[in-house]
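A.B. asks: Okay, here's the structure, questions in a sec.
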Amino acid sequence: EAQVTQNPRYLITVTGKKLTVTCSQNMNHEYMSWYRQDPGLGLRQIYYSMNVEVTDKGDVPEGYKVSRKEKRNFPLILESPSPNQTSLYFCASSLEGGRNQPQHFGDGTRLSIL
Amino acid sequence: GDSVTQMEGPVTLSEEAFLTINCTYTATGYPSLFWYVQYPGEGLQLLLKATKADDKGSNKGFEATYRKETTSFHLEKGSVQVSDSAVYFCALSDRGTGGFKTIFGAGTRLFVKA
């Protein structure tokens, strides 16, 4: 089954404790992206990757890191999480990074930073 | 910069009522336009898309027409069902500085009563 898989689905942690949210897709997609969803703000893009070893900042990259060493994986890293990063996070992928390409989303990761 | 504005929700309708969710956009280029739907506890799913002016996207009884002159992409359905209860997101995709970016509206929650 074609899918985008995120782990964990839920995480409660404390300020400053490094964490990684994994994202994997099995569709051989070139383009991958991370978003955060906050009430009243919709989805805002954190980082995106056009292909392996090619990443770029989205609209809200501060406090986050990503890497794209393999085509299928695109982990999101919070080196020193803070409470303002409490949010619902989505990973997405598309066949390529073109304007006509719809994105396929994972089921989300709810992070709570205390 | 590019932006998407959706009507605020929640929208509450009775089953078989007519649905309109307004969406307008601003863009520096010539974007593609999308509607995504999010059911509780899930990621976003593509509902429909349109890639050029006057295109009509349609799926599952939902329709939206790309209106360049009014920069709008309103979502309509002639007769809603309880199962249509979800959050609906309007989005545009256009070329950014480093690649293609997708900008989402804030989302509109729809409740359909039996």
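Chain labels follow the order of the structure tokens: the first chain is A, the next B, and so on; residue numbering restarts at 1 in every chain, and ligands are counted from 1 in their shown order.
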Give me the residues of chain B that have any atom at most 9 Å from an atom of chain A; for each, the nearest atom pair and the distance in Å, rounded to one decimal. Use only C-alpha atoms, sort by chain and number, and format it as JSON lines.
C.D. replies:
```
{"residue": "B:Glu8", "atom": "CA", "partner": "A:Gly40", "partner_atom": "CA", "distance": 8.9}
{"residue": "B:Pro31", "atom": "CA", "partner": "A:Arg99", "partner_atom": "CA", "distance": 6.7}
{"residue": "B:Ser32", "atom": "CA", "partner": "A:Arg99", "partner_atom": "CA", "distance": 5.8}
{"residue": "B:Leu33", "atom": "CA", "partner": "A:Asn100", "partner_atom": "CA", "distance": 8.3}
{"residue": "B:Phe34", "atom": "CA", "partner": "A:Pro102", "partner_atom": "CA", "distance": 7.7}
{"residue": "B:Gly41", "atom": "CA", "partner": "A:Asp107", "partner_atom": "CA", "distance": 7.1}
{"residue": "B:Glu42", "atom": "CA", "partner": "A:Asp107", "partner_atom": "CA", "distance": 4.7}
{"residue": "B:Gly43", "atom": "CA", "partner": "A:Asp107", "partner_atom": "CA", "distance": 4.2}
{"residue": "B:Leu44", "atom": "CA", "partner": "A:Phe105", "partner_atom": "CA", "distance": 5.8}
{"residue": "B:Gln45", "atom": "CA", "partner": "A:His104", "partner_atom": "CA", "distance": 6.8}
{"residue": "B:Leu46", "atom": "CA", "partner": "A:Pro102", "partner_atom": "CA", "distance": 6.7}
{"residue": "B:Lys49", "atom": "CA", "partner": "A:Pro102", "partner_atom": "CA", "distance": 8.0}
{"residue": "B:Ala50", "atom": "CA", "partner": "A:Asn100", "partner_atom": "CA", "distance": 8.2}
{"residue": "B:Thr51", "atom": "CA", "partner": "A:Asn100", "partner_atom": "CA", "distance": 6.3}
{"residue": "B:Phe89", "atom": "CA", "partner": "A:Gly42", "partner_atom": "CA", "distance": 7.7}
{"residue": "B:Leu92", "atom": "CA", "partner": "A:Arg99", "partner_atom": "CA", "distance": 8.4}
{"residue": "B:Ser93", "atom": "CA", "partner": "A:Arg99", "partner_atom": "CA", "distance": 5.1}
{"residue": "B:Asp94", "atom": "CA", "partner": "A:Arg99", "partner_atom": "CA", "distance": 5.3}
{"residue": "B:Arg95", "atom": "CA", "partner": "A:Arg99", "partner_atom": "CA", "distance": 6.9}
{"residue": "B:Gly98", "atom": "CA", "partner": "A:Asp56", "partner_atom": "CA", "distance": 6.6}
{"residue": "B:Gly99", "atom": "CA", "partner": "A:Gly97", "partner_atom": "CA", "distance": 6.9}
{"residue": "B:Phe100", "atom": "CA", "partner": "A:Gly97", "partner_atom": "CA", "distance": 5.7}
{"residue": "B:Lys101", "atom": "CA", "partner": "A:Gly58", "partner_atom": "CA", "distance": 7.8}
{"residue": "B:Thr102", "atom": "CA", "partner": "A:Gln45", "partner_atom": "CA", "distance": 7.7}
{"residue": "B:Ile103", "atom": "CA", "partner": "A:Arg44", "partner_atom": "CA", "distance": 7.2}
{"residue": "B:Phe104", "atom": "CA", "partner": "A:Leu43", "partner_atom": "CA", "distance": 5.7}
{"residue": "B:Gly105", "atom": "CA", "partner": "A:Gly42", "partner_atom": "CA", "distance": 5.6}
{"residue": "B:Ala106", "atom": "CA", "partner": "A:Gly42", "partner_atom": "CA", "distance": 3.6}
{"residue": "B:Gly107", "atom": "CA", "partner": "A:Gly42", "partner_atom": "CA", "distance": 5.7}
```
A.B. asks: So that I have them on file, write out the residues from the current selection with N, CA and C atoms, as a compact mmCIF listing (two decimals), in the first residue's frame.
C.D. replies:
```
# COMPACT_ATOMS: atom_id res chain seq x y z
N GLU B 8 -14.02 31.54 7.50
CA GLU B 8 -13.88 30.95 8.82
C GLU B 8 -15.00 29.98 9.09
N PRO B 31 -0.09 29.91 -10.00
CA PRO B 31 -0.08 28.70 -9.18
C PRO B 31 -1.06 27.64 -9.66
N SER B 32 -0.89 26.44 -9.17
CA SER B 32 -1.93 25.41 -9.19
C SER B 32 -2.71 25.52 -7.90
N LEU B 33 -3.97 25.13 -7.93
CA LEU B 33 -4.84 25.26 -6.77
C LEU B 33 -5.39 23.89 -6.37
N PHE B 34 -5.53 23.69 -5.07
CA PHE B 34 -5.93 22.39 -4.53
C PHE B 34 -6.96 22.58 -3.41
N GLY B 41 -8.19 12.67 13.15
CA GLY B 41 -7.09 11.75 13.42
C GLY B 41 -6.29 11.32 12.22
N GLU B 42 -6.53 11.94 11.08
CA GLU B 42 -5.82 11.53 9.86
C GLU B 42 -5.06 12.70 9.25
N GLY B 43 -4.21 12.36 8.28
CA GLY B 43 -3.55 13.40 7.52
C GLY B 43 -4.45 13.95 6.44
N LEU B 44 -3.97 14.93 5.71
CA LEU B 44 -4.75 15.53 4.63
C LEU B 44 -4.77 14.59 3.42
N GLN B 45 -5.90 14.62 2.72
CA GLN B 45 -6.03 13.86 1.48
C GLN B 45 -6.44 14.83 0.37
N LEU B 46 -5.89 14.63 -0.81
CA LEU B 46 -6.28 15.46 -1.93
C LEU B 46 -7.75 15.22 -2.27
N LYS B 49 -8.13 19.24 -7.71
CA LYS B 49 -7.15 20.26 -8.06
C LYS B 49 -7.49 20.89 -9.41
N ALA B 50 -6.90 22.04 -9.67
CA ALA B 50 -7.01 22.71 -10.96
C ALA B 50 -5.69 23.40 -11.24
N THR B 51 -5.20 23.29 -12.46
CA THR B 51 -3.86 23.76 -12.75
C THR B 51 -3.81 24.99 -13.64
N PHE B 89 -9.17 22.24 3.47
CA PHE B 89 -8.08 23.18 3.29
C PHE B 89 -7.94 23.54 1.82
N LEU B 92 -2.41 26.52 -2.51
CA LEU B 92 -1.81 26.81 -3.81
C LEU B 92 -0.38 26.30 -3.83
N SER B 93 0.07 25.96 -5.02
CA SER B 93 1.45 25.53 -5.20
C SER B 93 2.07 26.36 -6.30
N ASP B 94 3.24 26.91 -6.00
CA ASP B 94 3.89 27.80 -6.95
C ASP B 94 5.39 27.71 -6.74
N ARG B 95 6.14 28.24 -7.70
CA ARG B 95 7.59 28.17 -7.57
C ARG B 95 8.05 29.20 -6.55
N GLY B 98 13.66 28.36 -3.83
CA GLY B 98 14.49 27.17 -3.97
C GLY B 98 13.79 26.01 -4.61
N GLY B 99 12.54 26.13 -4.87
CA GLY B 99 11.78 25.02 -5.45
C GLY B 99 10.31 25.35 -5.34
N PHE B 100 9.46 24.34 -5.42
CA PHE B 100 8.03 24.58 -5.38
C PHE B 100 7.53 24.53 -3.95
N LYS B 101 6.73 25.51 -3.57
CA LYS B 101 6.18 25.57 -2.23
C LYS B 101 4.67 25.49 -2.29
N THR B 102 4.10 24.94 -1.25
CA THR B 102 2.64 24.87 -1.12
C THR B 102 2.22 25.71 0.07
N ILE B 103 1.27 26.60 -0.16
CA ILE B 103 0.74 27.47 0.89
C ILE B 103 -0.70 27.03 1.17
N PHE B 104 -1.01 26.81 2.45
CA PHE B 104 -2.34 26.36 2.86
C PHE B 104 -3.12 27.49 3.51
N GLY B 105 -4.43 27.45 3.32
CA GLY B 105 -5.31 28.28 4.11
C GLY B 105 -5.45 27.73 5.52
N ALA B 106 -6.18 28.44 6.37
CA ALA B 106 -6.30 28.06 7.78
C ALA B 106 -7.23 26.87 8.01
N GLY B 107 -7.99 26.49 6.98
CA GLY B 107 -8.91 25.35 7.11
C GLY B 107 -10.30 25.81 7.53
```
A.B. asks: Just want the 9 Å neighbourhood of Phe74 in chain A, counted on only C-alpha atoms, with same-chain residues fewer than 6 positions away dropped. Output as an MDAnalysis selection string.
C.D. replies: chainID A and resid 21:25 32:34 49 66:68 91
A.B. asks: What lies within 12 Å of Thr20 in chain B using only C-alpha atoms, ignoring chain neighbours under 2 positions off, as a list in words?
C.D. replies: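 Once the nearby chain positions are removed, what remains is Gln6, Met7, Glu8, Gly9, Val11, Thr12, Leu13, Ala17, Phe18, Asn22, Cys23, Phe62, Glu63, Ala64, Phe73, His74, Leu75, Glu76, Lys77, Gly78, Ser79, Val80, Tyr88, Thr108 and Leu110 of chain B.
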A.B. asks: DSSP on the backbone, then: every residue of range 24-88 of chain B marked strand (DSSP E), written as an NGL selection string.
C.D. replies: :B and (24-26 or 32-38 or 44-50 or 56-59 or 62-65 or 75-77 or 86-88)
A.B. asks: Please write the residues from the selection above to a file, keeping C-alpha atoms, as a PDB file, in the first residue's frame.
C.D. replies:
```pdb
ATOM      1  CA  THR B  24      -9.293  33.393  -2.398  1.00  0.00           C
ATOM      2  CA  TYR B  25      -5.575  33.617  -3.044  1.00  0.00           C
ATOM      3  CA  THR B  26      -2.749  36.002  -3.825  1.00  0.00           C
ATOM      4  CA  SER B  32      -1.926  25.408  -9.193  1.00  0.00           C
ATOM      5  CA  LEU B  33      -4.838  25.256  -6.766  1.00  0.00           C
ATOM      6  CA  PHE B  34      -5.934  22.393  -4.531  1.00  0.00           C
ATOM      7  CA  TRP B  35      -8.570  21.389  -2.029  1.00  0.00           C
ATOM      8  CA  TYR B  36      -7.543  18.894   0.640  1.00  0.00           C
ATOM      9  CA  VAL B  37      -9.784  17.228   3.239  1.00  0.00           C
ATOM     10  CA  GLN B  38      -8.767  16.108   6.728  1.00  0.00           C
ATOM     11  CA  LEU B  44      -4.745  15.527   4.631  1.00  0.00           C
ATOM     12  CA  GLN B  45      -6.033  13.861   1.475  1.00  0.00           C
ATOM     13  CA  LEU B  46      -6.281  15.457  -1.934  1.00  0.00           C
ATOM     14  CA  LEU B  47      -9.905  16.198  -2.800  1.00  0.00           C
ATOM     15  CA  LEU B  48      -9.480  17.977  -6.141  1.00  0.00           C
ATOM     16  CA  LYS B  49      -7.146  20.256  -8.058  1.00  0.00           C
ATOM     17  CA  ALA B  50      -7.015  22.711 -10.963  1.00  0.00           C
ATOM     18  CA  LYS B  56     -12.826  22.789 -12.973  1.00  0.00           C
ATOM     19  CA  GLY B  57     -11.661  20.185 -10.505  1.00  0.00           C
ATOM     20  CA  SER B  58     -14.208  17.626  -9.309  1.00  0.00           C
ATOM     21  CA  ASN B  59     -14.324  14.556  -7.080  1.00  0.00           C
ATOM     22  CA  PHE B  62     -17.350  18.314  -4.878  1.00  0.00           C
ATOM     23  CA  GLU B  63     -16.379  20.919  -7.472  1.00  0.00           C
ATOM     24  CA  ALA B  64     -14.208  24.029  -7.660  1.00  0.00           C
ATOM     25  CA  THR B  65     -13.371  26.305 -10.600  1.00  0.00           C
ATOM     26  CA  LEU B  75     -15.507  24.626  -3.083  1.00  0.00           C
ATOM     27  CA  GLU B  76     -19.109  23.532  -3.733  1.00  0.00           C
ATOM     28  CA  LYS B  77     -21.231  20.436  -3.274  1.00  0.00           C
ATOM     29  CA  ALA B  86     -14.252  17.146   8.132  1.00  0.00           C
ATOM     30  CA  VAL B  87     -11.819  20.056   7.860  1.00  0.00           C
ATOM     31  CA  TYR B  88     -11.268  21.408   4.343  1.00  0.00           C
TER      32      TYR B  88
END
```
A.B. asks: Any idea what the distance is between CA of Val60 in chain A and CA of Arg36 in chain A?
C.D. replies: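 Between these atoms lies a distance of 8.8 Å.
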